[in-house]
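Listing of run.tsv; format and content: TSV, C-alpha atoms.
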```tsv
chain	number	residue	atom	x	y	z
A	1	MET	CA	-7.61	-1.40	-13.06
A	2	THR	CA	-6.72	-3.08	-16.36
A	3	THR	CA	-3.57	-3.37	-18.44
A	4	SER	CA	-5.34	-2.81	-21.76
A	5	ALA	CA	-4.78	0.94	-21.86
A	6	ALA	CA	-2.17	3.43	-20.78
A	7	THR	CA	-1.80	7.18	-20.60
A	8	LEU	CA	1.15	9.52	-20.95
A	9	ASP	CA	1.21	12.70	-18.89
A	10	ALA	CA	2.43	15.89	-20.57
A	11	THR	CA	3.28	18.30	-17.77
A	12	GLU	CA	4.13	21.97	-18.02
A	13	GLY	CA	7.57	23.27	-17.12
A	14	HIS	CA	8.96	26.76	-17.57
A	15	GLY	CA	7.20	27.39	-20.86
A	16	ASP	CA	3.66	27.28	-22.11
A	17	GLY	CA	1.99	26.30	-25.38
A	18	PRO	CA	4.72	24.07	-26.91
A	19	VAL	CA	3.72	21.14	-24.70
A	20	ILE	CA	0.49	20.83	-26.70
A	21	GLY	CA	2.39	20.83	-29.99
A	22	LEU	CA	4.69	18.14	-28.60
A	23	VAL	CA	1.74	15.94	-27.67
A	24	ALA	CA	0.37	16.30	-31.19
A	25	HIS	CA	3.52	14.64	-32.55
A	26	LEU	CA	3.51	11.66	-30.18
A	27	ASP	CA	2.91	8.23	-31.66
A	28	THR	CA	-0.10	7.08	-29.63
A	29	SER	CA	-1.36	4.49	-32.08
A	30	PRO	CA	-2.40	1.03	-30.85
A	31	ASP	CA	0.19	-1.74	-30.65
A	32	GLU	CA	-0.34	-5.36	-31.72
A	33	SER	CA	-2.64	-5.98	-28.75
A	34	GLY	CA	-4.88	-3.06	-29.73
A	35	ALA	CA	-3.84	-1.00	-26.68
A	36	GLY	CA	-2.89	2.59	-27.41
A	37	VAL	CA	-1.49	5.39	-25.27
A	38	GLU	CA	-3.67	8.42	-24.55
A	39	PRO	CA	-1.93	11.69	-23.65
A	40	ILE	CA	-3.14	13.61	-20.60
A	41	VAL	CA	-2.18	17.28	-20.85
A	42	HIS	CA	-1.68	19.26	-17.64
A	43	VAL	CA	-3.05	22.79	-17.88
A	44	THR	CA	-2.09	25.36	-15.24
A	45	CYS	CA	-3.08	28.96	-14.64
A	46	ARG	CA	0.35	30.27	-13.66
A	47	ASP	CA	1.71	31.46	-17.00
A	48	ARG	CA	-1.28	32.48	-19.12
A	49	ASN	CA	-4.39	34.59	-18.84
A	50	ARG	CA	-7.89	33.41	-19.75
A	51	LEU	CA	-7.49	34.38	-23.41
A	52	ALA	CA	-4.34	32.30	-23.83
A	53	LEU	CA	-5.75	29.39	-21.81
A	54	GLN	CA	-8.89	29.21	-23.93
A	55	SER	CA	-6.76	29.43	-27.08
A	56	ASP	CA	-4.58	26.55	-25.84
A	57	LEU	CA	-7.63	24.45	-25.01
A	58	LEU	CA	-9.13	24.94	-28.46
A	59	ALA	CA	-5.76	24.17	-30.06
A	60	ALA	CA	-5.46	21.02	-27.97
A	61	SER	CA	-8.87	19.88	-29.14
A	62	ALA	CA	-8.00	20.59	-32.78
A	63	LEU	CA	-4.82	18.48	-32.36
A	64	GLY	CA	-6.77	15.55	-30.95
A	65	VAL	CA	-6.09	15.97	-27.24
A	66	ARG	CA	-9.04	14.70	-25.23
A	67	ASN	CA	-7.73	14.36	-21.67
A	68	LEU	CA	-6.89	17.31	-19.43
A	69	VAL	CA	-5.75	17.74	-15.84
A	70	CYS	CA	-6.58	21.25	-14.66
A	71	MET	CA	-4.75	22.88	-11.77
A	72	THR	CA	-3.92	26.34	-10.47
A	73	GLY	CA	-0.16	25.73	-10.59
A	74	ASP	CA	2.73	26.50	-8.25
A	75	PRO	CA	4.10	30.03	-7.80
A	76	PRO	CA	7.35	30.47	-9.79
A	77	GLY	CA	9.17	31.54	-6.64
A	78	ALA	CA	9.42	27.87	-5.68
A	79	GLY	CA	11.24	26.96	-8.91
A	80	ASP	CA	14.55	27.82	-10.59
A	81	HIS	CA	13.18	31.06	-12.10
A	82	PRO	CA	12.05	32.82	-8.90
A	83	ASP	CA	11.97	36.25	-10.57
A	84	ALA	CA	9.39	35.18	-13.15
A	85	LYS	CA	6.06	37.02	-12.98
A	86	PRO	CA	3.04	34.78	-12.38
A	87	VAL	CA	-0.31	35.41	-14.08
A	88	PHE	CA	-3.04	33.52	-12.19
A	89	ASP	CA	-5.84	35.33	-14.04
A	90	LEU	CA	-7.91	32.23	-13.26
A	91	ASP	CA	-7.63	29.63	-10.53
A	92	VAL	CA	-8.44	25.97	-11.07
A	93	LEU	CA	-12.17	26.52	-10.51
A	94	GLY	CA	-12.17	29.30	-13.11
A	95	LEU	CA	-10.23	27.07	-15.49
A	96	LEU	CA	-12.74	24.24	-15.05
A	97	GLN	CA	-15.50	26.77	-15.73
A	98	ALA	CA	-13.70	27.83	-18.92
A	99	VAL	CA	-13.47	24.20	-20.09
A	100	ALA	CA	-17.17	23.69	-19.35
A	101	ALA	CA	-18.08	26.85	-21.28
A	102	LEU	CA	-16.06	25.77	-24.33
A	103	GLN	CA	-17.70	22.36	-24.29
A	104	ALA	CA	-21.09	24.08	-24.13
A	105	GLY	CA	-20.27	26.11	-27.25
A	106	THR	CA	-19.15	29.51	-25.92
A	107	ASP	CA	-16.03	31.12	-24.53
A	108	LEU	CA	-15.85	32.88	-21.15
A	109	GLY	CA	-16.98	36.10	-22.88
A	110	ARG	CA	-20.14	34.23	-23.99
A	111	GLN	CA	-19.10	34.45	-27.63
A	112	PRO	CA	-20.37	31.45	-29.62
A	113	LEU	CA	-17.88	28.96	-31.03
A	114	GLN	CA	-17.89	27.36	-34.46
A	115	GLY	CA	-17.87	23.79	-33.22
A	116	THR	CA	-17.29	22.57	-29.68
A	117	PRO	CA	-14.41	20.63	-28.14
A	118	THR	CA	-14.94	17.47	-26.12
A	119	PHE	CA	-12.66	16.70	-23.18
A	120	CYS	CA	-12.34	14.21	-20.38
A	121	VAL	CA	-11.61	16.70	-17.61
A	122	GLY	CA	-9.44	15.94	-14.61
A	123	ALA	CA	-8.12	17.80	-11.59
A	124	VAL	CA	-5.79	17.09	-8.67
A	125	VAL	CA	-6.37	16.22	-5.02
A	126	ASN	CA	-4.04	15.71	-2.07
A	127	PRO	CA	-5.17	12.83	0.17
A	128	GLY	CA	-2.58	13.81	2.78
A	129	ALA	CA	-3.31	17.55	2.85
A	130	PRO	CA	-2.72	19.06	6.31
A	131	ASP	CA	-6.18	20.70	6.19
A	132	ARG	CA	-8.13	17.63	5.14
A	133	GLN	CA	-11.60	19.15	5.34
A	134	THR	CA	-10.65	22.09	3.13
A	135	GLU	CA	-9.10	19.69	0.61
A	136	LEU	CA	-12.27	17.58	0.56
A	137	ARG	CA	-14.39	20.71	0.03
A	138	ARG	CA	-12.11	21.78	-2.82
A	139	MET	CA	-12.50	18.36	-4.40
A	140	GLU	CA	-16.27	18.70	-4.16
A	141	ASP	CA	-16.10	22.14	-5.81
A	142	LYS	CA	-14.00	20.71	-8.66
A	143	VAL	CA	-16.50	17.89	-9.21
A	144	ALA	CA	-19.32	20.43	-9.28
A	145	ARG	CA	-17.47	22.33	-12.03
A	146	GLY	CA	-16.98	19.31	-14.21
A	147	ALA	CA	-13.97	17.31	-13.00
A	148	GLN	CA	-14.46	13.69	-14.06
A	149	PHE	CA	-11.27	12.20	-12.65
A	150	PHE	CA	-8.51	13.10	-10.20
A	151	GLN	CA	-4.78	12.58	-9.96
A	152	THR	CA	-3.46	12.57	-6.39
A	153	GLN	CA	-0.34	13.70	-4.59
A	154	ALA	CA	2.10	10.78	-4.35
A	155	VAL	CA	0.78	7.94	-2.17
A	156	TYR	CA	2.97	5.52	-0.19
A	157	ASN	CA	0.55	4.41	2.53
A	158	PRO	CA	-2.23	2.28	1.00
A	159	GLU	CA	-4.08	1.96	4.33
A	160	ALA	CA	-4.39	5.73	4.74
A	161	PHE	CA	-5.33	6.05	1.08
A	162	ALA	CA	-8.10	3.48	1.54
A	163	GLN	CA	-9.66	5.75	4.17
A	164	PHE	CA	-9.49	8.71	1.80
A	165	MET	CA	-11.14	6.70	-0.97
A	166	HIS	CA	-13.93	5.75	1.43
A	167	GLU	CA	-14.53	9.43	2.20
A	168	VAL	CA	-14.79	10.49	-1.46
A	169	ARG	CA	-16.62	7.46	-2.88
A	170	HIS	CA	-19.89	9.41	-3.14
A	171	HIS	CA	-18.44	11.64	-5.87
A	172	GLN	CA	-18.38	8.66	-8.24
A	173	VAL	CA	-15.34	9.92	-10.14
A	174	ALA	CA	-12.21	8.03	-11.15
A	175	VAL	CA	-9.14	8.50	-8.95
A	176	LEU	CA	-5.60	7.85	-10.18
A	177	ALA	CA	-3.19	7.41	-7.26
A	178	SER	CA	0.18	8.98	-8.01
A	179	LEU	CA	3.45	7.33	-7.08
A	180	ILE	CA	6.92	8.84	-7.45
A	181	VAL	CA	9.52	6.11	-7.96
A	182	LEU	CA	12.13	6.64	-5.24
A	183	ARG	CA	15.84	6.17	-5.92
A	184	SER	CA	17.22	6.52	-2.40
A	185	GLY	CA	16.35	7.31	1.19
A	186	GLY	CA	17.77	10.79	0.68
A	187	MET	CA	15.42	11.42	-2.22
A	188	ALA	CA	12.49	10.26	-0.09
A	189	ARG	CA	13.44	12.67	2.70
A	190	ARG	CA	13.83	15.61	0.30
A	191	LEU	CA	10.46	14.97	-1.31
A	192	GLN	CA	8.78	14.63	2.06
A	193	ALA	CA	10.29	17.93	3.20
A	194	SER	CA	9.33	19.85	0.05
A	195	LEU	CA	5.89	18.51	-0.96
A	196	PRO	CA	3.01	19.44	1.35
A	197	GLY	CA	0.90	16.47	2.38
A	198	LEU	CA	3.41	13.88	1.17
A	199	ALA	CA	3.98	11.22	3.83
A	200	ILE	CA	6.47	8.41	3.22
A	201	PRO	CA	6.42	5.73	5.94
A	202	ALA	CA	9.62	5.35	7.92
A	203	THR	CA	9.72	1.68	6.96
A	204	VAL	CA	9.93	2.60	3.26
A	205	ILE	CA	12.81	5.03	3.88
A	206	GLU	CA	14.56	2.44	6.05
A	207	GLU	CA	14.36	-0.17	3.27
A	208	LEU	CA	15.94	2.29	0.84
A	209	ASP	CA	18.69	3.22	3.31
A	210	LYS	CA	19.62	-0.42	3.94
A	211	ALA	CA	19.52	-1.56	0.32
A	212	THR	CA	22.80	-2.29	-1.48
A	213	ASP	CA	21.13	-0.99	-4.67
A	214	PRO	CA	18.64	1.71	-3.56
A	215	ALA	CA	17.41	2.41	-7.10
A	216	GLN	CA	16.51	-1.24	-7.61
A	217	LYS	CA	14.87	-1.34	-4.20
A	218	GLY	CA	12.84	1.74	-5.17
A	219	MET	CA	11.46	-0.07	-8.20
A	220	GLU	CA	10.59	-3.10	-6.07
A	221	LEU	CA	8.83	-0.85	-3.54
A	222	ALA	CA	6.92	0.90	-6.32
A	223	GLY	CA	5.69	-2.42	-7.66
A	224	ARG	CA	4.66	-3.59	-4.20
A	225	ILE	CA	2.75	-0.39	-3.42
A	226	ILE	CA	1.01	-0.41	-6.82
A	227	LYS	CA	-0.22	-3.94	-6.10
A	228	ASP	CA	-2.05	-2.56	-3.07
A	229	LEU	CA	-3.21	0.69	-4.67
A	230	LYS	CA	-4.73	-0.93	-7.75
A	231	GLU	CA	-7.39	-2.57	-5.58
A	232	LEU	CA	-8.42	0.78	-4.10
A	233	CYS	CA	-8.82	3.12	-7.06
A	234	GLN	CA	-9.26	3.28	-10.82
A	235	GLY	CA	-5.63	3.67	-11.88
A	236	VAL	CA	-2.09	4.65	-10.94
A	237	HIS	CA	-0.19	7.73	-12.11
A	238	LEU	CA	3.45	6.58	-12.19
A	239	ILE	CA	6.03	9.40	-11.90
A	240	THR	CA	9.43	8.03	-12.88
A	241	ILE	CA	11.60	11.22	-13.05
A	242	GLY	CA	14.20	10.03	-15.54
A	243	GLN	CA	13.64	6.32	-14.99
A	244	GLU	CA	11.25	5.78	-17.88
A	245	ARG	CA	13.33	2.87	-19.19
A	246	HIS	CA	12.37	0.95	-16.04
A	247	ILE	CA	8.59	1.34	-16.38
A	248	LEU	CA	8.16	-2.18	-17.74
A	249	GLN	CA	10.10	-3.63	-14.81
A	250	ILE	CA	7.98	-1.70	-12.31
A	251	LEU	CA	4.78	-2.93	-13.95
A	252	GLN	CA	6.14	-6.48	-13.82
A	253	GLU	CA	6.89	-6.04	-10.11
A	254	ALA	CA	3.27	-4.90	-9.70
A	255	GLY	CA	1.96	-7.93	-11.56
A	256	LEU	CA	0.36	-5.84	-14.29
A	257	VAL	CA	2.25	-7.33	-17.25
```
Step by step, read the file and then write its structure as structure tokens.
Amino acid sequence: MTTSAATLDATEGHGDGPVIGLVAHLDTSPDESGAGVEPIVHVTCRDRNRLALQSDLLAASALGVRNLVCMTGDPPGAGDHPDAKPVFDLDVLGLLQAVAALQAGTDLGRQPLQGTPTFCVGAVVNPGAPDRQTELRRMEDKVARGAQFFQTQAVYNPEAFAQFMHEVRHHQVAVLASLIVLRSGGMARRLQASLPGLAIPATVIEELDKATDPAQKGMELAGRIIKDLKELCQGVHLITIGQERHILQILQEAGLV
């Protein structure tokens, strides 16, 4: 893992297409060191059918987006708009197939395109999934359909993650280990209760509970865990949830800047 490049994730919320327009207006130009920021757009199947998804992908390409993370998406019943109607015309494998078709010069209806987009295509994987074998098979299916890199569920146990990386090394794809920056022991417990496959060691929660400044301790813990993770995979996906102003400090704690 190097410090010469960075990426910015653009995730979907309640809406749809506007996230791509937002990315198009980001200043991702290189700084004095020559290092720029590349946006990674998350594309989910929840809110749009195959026509809209293909349209969004072509629009993203026209706006200069090159990095995608494809996923099926969570049912809206789990969010704050539980009465919203989901679409799910495609699942993640169908979405990856659509991206592959567009890059080959046709849409899913086998209609030829005038020009072809080029993407670096990613997907997601959960190293702590309760059904590990099914998760590993799903990862293999995603690789077979064109996934070139993976972002994981949040990781707090580097030793367990090392075993996962050993199991998937034969795929020869890049893996970005995700890490949610914790602000308190209570936050850690809530995340662990609500996110399947997320395991936060009791020692981490105990450190947060005992800290006089839990938010500061969370940043120190994030830096410490990143130090271990960076030796195991190709990058770290840092999820700050409103603490973006502290990213530099976390990277300093991790010894990356």
Margin query: Give me, as a ChimeraX atom specification, all polymer residues having an atom no more than 9 Å from Asp209 in chain A, counting all atoms listed in the file and skipping those fewer than 5 positions away in the same chain.
Written below: /A:184-186,204,214
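Residue nearest Arg245 in chain A, chosen from A:Leu58, A:Ile205, A:Leu102, A:Met219 and counting all atoms listed in the file: A:Met219.
The closest residue to Leu229 in chain A, picked from A:Leu251, A:Val155, A:Val173, A:Leu195 and counting only C-alpha atoms, is A:Val155.
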Using only C-alpha atoms - which residues lie no farther than 7 Å from the point (-5.4, 0.5, -2.5) in the file's frame? Write them as a VMD selection string. chain A and resid 158 161 to 162 228 to 233
Once you count all atoms listed in the file, which residues end up no further than 12 Å from (-20.3, 23.9, -23.3) in the file's frame, shown as a PDB file with C-alpha atoms, keeping the file's coordinate frame?
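This is the output file point25.pdb:
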```pdb
ATOM      1  CA  LEU A  96     -12.740  24.240 -15.050  1.00  0.00           C
ATOM      2  CA  GLN A  97     -15.500  26.770 -15.730  1.00  0.00           C
ATOM      3  CA  ALA A  98     -13.700  27.830 -18.920  1.00  0.00           C
ATOM      4  CA  VAL A  99     -13.470  24.200 -20.090  1.00  0.00           C
ATOM      5  CA  ALA A 100     -17.170  23.690 -19.350  1.00  0.00           C
ATOM      6  CA  ALA A 101     -18.080  26.850 -21.280  1.00  0.00           C
ATOM      7  CA  LEU A 102     -16.060  25.770 -24.330  1.00  0.00           C
ATOM      8  CA  GLN A 103     -17.700  22.360 -24.290  1.00  0.00           C
ATOM      9  CA  ALA A 104     -21.090  24.080 -24.130  1.00  0.00           C
ATOM     10  CA  GLY A 105     -20.270  26.110 -27.250  1.00  0.00           C
ATOM     11  CA  THR A 106     -19.150  29.510 -25.920  1.00  0.00           C
ATOM     12  CA  ASP A 107     -16.030  31.120 -24.530  1.00  0.00           C
ATOM     13  CA  LEU A 108     -15.850  32.880 -21.150  1.00  0.00           C
ATOM     14  CA  ARG A 110     -20.140  34.230 -23.990  1.00  0.00           C
ATOM     15  CA  GLN A 111     -19.100  34.450 -27.630  1.00  0.00           C
ATOM     16  CA  PRO A 112     -20.370  31.450 -29.620  1.00  0.00           C
ATOM     17  CA  LEU A 113     -17.880  28.960 -31.030  1.00  0.00           C
ATOM     18  CA  GLN A 114     -17.890  27.360 -34.460  1.00  0.00           C
ATOM     19  CA  GLY A 115     -17.870  23.790 -33.220  1.00  0.00           C
ATOM     20  CA  THR A 116     -17.290  22.570 -29.680  1.00  0.00           C
ATOM     21  CA  PRO A 117     -14.410  20.630 -28.140  1.00  0.00           C
ATOM     22  CA  THR A 118     -14.940  17.470 -26.120  1.00  0.00           C
ATOM     23  CA  PHE A 119     -12.660  16.700 -23.180  1.00  0.00           C
ATOM     24  CA  ARG A 145     -17.470  22.330 -12.030  1.00  0.00           C
ATOM     25  CA  GLY A 146     -16.980  19.310 -14.210  1.00  0.00           C
TER      26      GLY A 146
END
```
Of A:Asn67, A:Asn157, A:Thr44, A:Thr11, the one sitting nearest Ala202 in chain A when using only C-alpha atoms is A:Asn157
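Going from CA of Asn49 in chain A over to CA of Ala62 in chain A, you cover 20.1 Å.
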Would you place a box with edges along x, y and z of the file around all atoms of range 223-242 of chain A listed there, add 3 Å to each of its six sides, and report the centre and edge lengths in Å to one decimal, as AutoDock Vina command-line options?
```
--center_x 2.5 --center_y 3.6 --center_z -9.3 --size_x 29.5 --size_y 21.2 --size_z 18.5
```
Interatomic distance, CA of Ala129 in chain A to CA of Leu53 in chain A (Å, one decimal)
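Between CA of Ala129 in chain A and CA of Leu53 in chain A the gap is 27.5 Å.
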Distance in Å - CA of Ala154 in chain A versus CA of Arg183 in chain A: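 For CA of Ala154 in chain A relative to CA of Arg183 in chain A, the distance reads 14.6 Å.
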* Got a sec: who's within 12 Å of Leu182 in chain A, counting all atoms listed in the file, leaving out chain neighbours fewer than 3 positions off, as a PyMOL selection string? -> chain A and resi 154-156+179+185-192+200+204-205+207-209+213-223+225+238-243+250
query: With all atoms listed in the file as the basis for distance, which of A:Val65, A:Ala52, A:Val257, A:Ile247 is at the shortest distance from Phe88 in chain A?
result: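 Of all the options, A:Ala52 lies closest to Phe88 in chain A.
Restricting the calculation to all atoms listed in the file, the smallest distance between Leu51 in chain A and any of A:Leu90, A:His246, A:Ala199, A:Asp131 is found for A:Leu90.
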Practice prompt. Check the smallest atom-to-atom distance from each of A:Leu93, A:Ile180, A:Cys45, A:Leu248 to Asp74 in chain A using all atoms listed in the file, then report the winner.
Written response: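 Closest residue, counting all atoms listed in the file: A:Cys45.
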Would you mind completing range 221-243 of chain A to N, CA, C and O atoms and writing the output as a PDB file, in the frame of the given file?
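Wrote part_8.pdb, looks like this:
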```pdb
ATOM      1  N   LEU A 221       9.820  -1.476  -4.426  1.00  0.00           N
ATOM      2  CA  LEU A 221       8.830  -0.850  -3.540  1.00  0.00           C
ATOM      3  C   LEU A 221       7.665  -0.285  -4.351  1.00  0.00           C
ATOM      4  O   LEU A 221       6.504  -0.419  -3.960  1.00  0.00           O
ATOM      5  N   ALA A 222       7.974   0.345  -5.483  1.00  0.00           N
ATOM      6  CA  ALA A 222       6.920   0.900  -6.320  1.00  0.00           C
ATOM      7  C   ALA A 222       5.963  -0.197  -6.782  1.00  0.00           C
ATOM      8  O   ALA A 222       4.742  -0.048  -6.719  1.00  0.00           O
ATOM      9  N   GLY A 223       6.529  -1.311  -7.229  1.00  0.00           N
ATOM     10  CA  GLY A 223       5.690  -2.420  -7.660  1.00  0.00           C
ATOM     11  C   GLY A 223       4.823  -2.955  -6.534  1.00  0.00           C
ATOM     12  O   GLY A 223       3.633  -3.248  -6.731  1.00  0.00           O
ATOM     13  N   ARG A 224       5.394  -3.063  -5.349  1.00  0.00           N
ATOM     14  CA  ARG A 224       4.660  -3.590  -4.200  1.00  0.00           C
ATOM     15  C   ARG A 224       3.516  -2.658  -3.807  1.00  0.00           C
ATOM     16  O   ARG A 224       2.398  -3.108  -3.516  1.00  0.00           O
ATOM     17  N   ILE A 225       3.782  -1.354  -3.811  1.00  0.00           N
ATOM     18  CA  ILE A 225       2.750  -0.390  -3.420  1.00  0.00           C
ATOM     19  C   ILE A 225       1.642  -0.341  -4.476  1.00  0.00           C
ATOM     20  O   ILE A 225       0.456  -0.269  -4.142  1.00  0.00           O
ATOM     21  N   ILE A 226       2.023  -0.411  -5.751  1.00  0.00           N
ATOM     22  CA  ILE A 226       1.010  -0.410  -6.820  1.00  0.00           C
ATOM     23  C   ILE A 226       0.086  -1.607  -6.681  1.00  0.00           C
ATOM     24  O   ILE A 226      -1.125  -1.495  -6.913  1.00  0.00           O
ATOM     25  N   LYS A 227       0.628  -2.754  -6.297  1.00  0.00           N
ATOM     26  CA  LYS A 227      -0.220  -3.940  -6.100  1.00  0.00           C
ATOM     27  C   LYS A 227      -1.345  -3.653  -5.117  1.00  0.00           C
ATOM     28  O   LYS A 227      -2.478  -4.100  -5.307  1.00  0.00           O
ATOM     29  N   ASP A 228      -1.025  -2.903  -4.058  1.00  0.00           N
ATOM     30  CA  ASP A 228      -2.050  -2.560  -3.070  1.00  0.00           C
ATOM     31  C   ASP A 228      -2.977  -1.467  -3.567  1.00  0.00           C
ATOM     32  O   ASP A 228      -4.194  -1.526  -3.372  1.00  0.00           O
ATOM     33  N   LEU A 229      -2.409  -0.454  -4.229  1.00  0.00           N
ATOM     34  CA  LEU A 229      -3.210   0.690  -4.670  1.00  0.00           C
ATOM     35  C   LEU A 229      -4.223   0.304  -5.741  1.00  0.00           C
ATOM     36  O   LEU A 229      -5.328   0.854  -5.785  1.00  0.00           O
ATOM     37  N   LYS A 230      -3.863  -0.633  -6.609  1.00  0.00           N
ATOM     38  CA  LYS A 230      -4.730  -0.930  -7.750  1.00  0.00           C
ATOM     39  C   LYS A 230      -6.067  -1.526  -7.315  1.00  0.00           C
ATOM     40  O   LYS A 230      -7.033  -1.503  -8.089  1.00  0.00           O
ATOM     41  N   GLU A 231      -6.123  -2.032  -6.093  1.00  0.00           N
ATOM     42  CA  GLU A 231      -7.390  -2.570  -5.580  1.00  0.00           C
ATOM     43  C   GLU A 231      -8.268  -1.477  -4.976  1.00  0.00           C
ATOM     44  O   GLU A 231      -9.428  -1.725  -4.654  1.00  0.00           O
ATOM     45  N   LEU A 232      -7.712  -0.283  -4.813  1.00  0.00           N
ATOM     46  CA  LEU A 232      -8.420   0.780  -4.100  1.00  0.00           C
ATOM     47  C   LEU A 232      -8.971   1.866  -5.007  1.00  0.00           C
ATOM     48  O   LEU A 232      -9.872   2.609  -4.604  1.00  0.00           O
ATOM     49  N   CYS A 233      -8.433   1.997  -6.217  1.00  0.00           N
ATOM     50  CA  CYS A 233      -8.820   3.120  -7.060  1.00  0.00           C
ATOM     51  C   CYS A 233      -8.871   2.667  -8.519  1.00  0.00           C
ATOM     52  O   CYS A 233      -8.768   1.474  -8.813  1.00  0.00           O
ATOM     53  N   GLN A 234      -9.019   3.619  -9.424  1.00  0.00           N
ATOM     54  CA  GLN A 234      -9.260   3.280 -10.820  1.00  0.00           C
ATOM     55  C   GLN A 234      -7.997   3.306 -11.682  1.00  0.00           C
ATOM     56  O   GLN A 234      -8.052   3.023 -12.872  1.00  0.00           O
ATOM     57  N   GLY A 235      -6.860   3.637 -11.102  1.00  0.00           N
ATOM     58  CA  GLY A 235      -5.630   3.670 -11.880  1.00  0.00           C
ATOM     59  C   GLY A 235      -4.491   4.233 -11.058  1.00  0.00           C
ATOM     60  O   GLY A 235      -4.685   4.740  -9.948  1.00  0.00           O
ATOM     61  N   VAL A 236      -3.283   4.143 -11.608  1.00  0.00           N
ATOM     62  CA  VAL A 236      -2.090   4.650 -10.940  1.00  0.00           C
ATOM     63  C   VAL A 236      -1.351   5.585 -11.893  1.00  0.00           C
ATOM     64  O   VAL A 236      -1.156   5.268 -13.072  1.00  0.00           O
ATOM     65  N   HIS A 237      -0.963   6.728 -11.370  1.00  0.00           N
ATOM     66  CA  HIS A 237      -0.190   7.730 -12.110  1.00  0.00           C
ATOM     67  C   HIS A 237       1.270   7.562 -11.687  1.00  0.00           C
ATOM     68  O   HIS A 237       1.663   7.983 -10.598  1.00  0.00           O
ATOM     69  N   LEU A 238       2.072   6.928 -12.525  1.00  0.00           N
ATOM     70  CA  LEU A 238       3.450   6.580 -12.190  1.00  0.00           C
ATOM     71  C   LEU A 238       4.387   7.714 -12.621  1.00  0.00           C
ATOM     72  O   LEU A 238       4.461   8.059 -13.801  1.00  0.00           O
ATOM     73  N   ILE A 239       5.113   8.285 -11.649  1.00  0.00           N
ATOM     74  CA  ILE A 239       6.030   9.400 -11.900  1.00  0.00           C
ATOM     75  C   ILE A 239       7.448   8.864 -11.765  1.00  0.00           C
ATOM     76  O   ILE A 239       7.909   8.554 -10.663  1.00  0.00           O
ATOM     77  N   THR A 240       8.147   8.732 -12.896  1.00  0.00           N
ATOM     78  CA  THR A 240       9.430   8.030 -12.880  1.00  0.00           C
ATOM     79  C   THR A 240      10.653   8.950 -12.805  1.00  0.00           C
ATOM     80  O   THR A 240      11.740   8.501 -12.448  1.00  0.00           O
ATOM     81  N   ILE A 241      10.527  10.221 -13.157  1.00  0.00           N
ATOM     82  CA  ILE A 241      11.600  11.220 -13.050  1.00  0.00           C
ATOM     83  C   ILE A 241      12.918  10.673 -13.595  1.00  0.00           C
ATOM     84  O   ILE A 241      13.882  10.438 -12.863  1.00  0.00           O
ATOM     85  N   GLY A 242      12.975  10.464 -14.896  1.00  0.00           N
ATOM     86  CA  GLY A 242      14.200  10.030 -15.540  1.00  0.00           C
ATOM     87  C   GLY A 242      14.420   8.528 -15.557  1.00  0.00           C
ATOM     88  O   GLY A 242      15.436   8.055 -16.084  1.00  0.00           O
ATOM     89  N   GLN A 243      13.494   7.769 -15.009  1.00  0.00           N
ATOM     90  CA  GLN A 243      13.640   6.320 -14.990  1.00  0.00           C
ATOM     91  C   GLN A 243      12.632   5.632 -15.911  1.00  0.00           C
ATOM     92  O   GLN A 243      12.215   4.502 -15.663  1.00  0.00           O
TER      93      GLN A 243
END
```
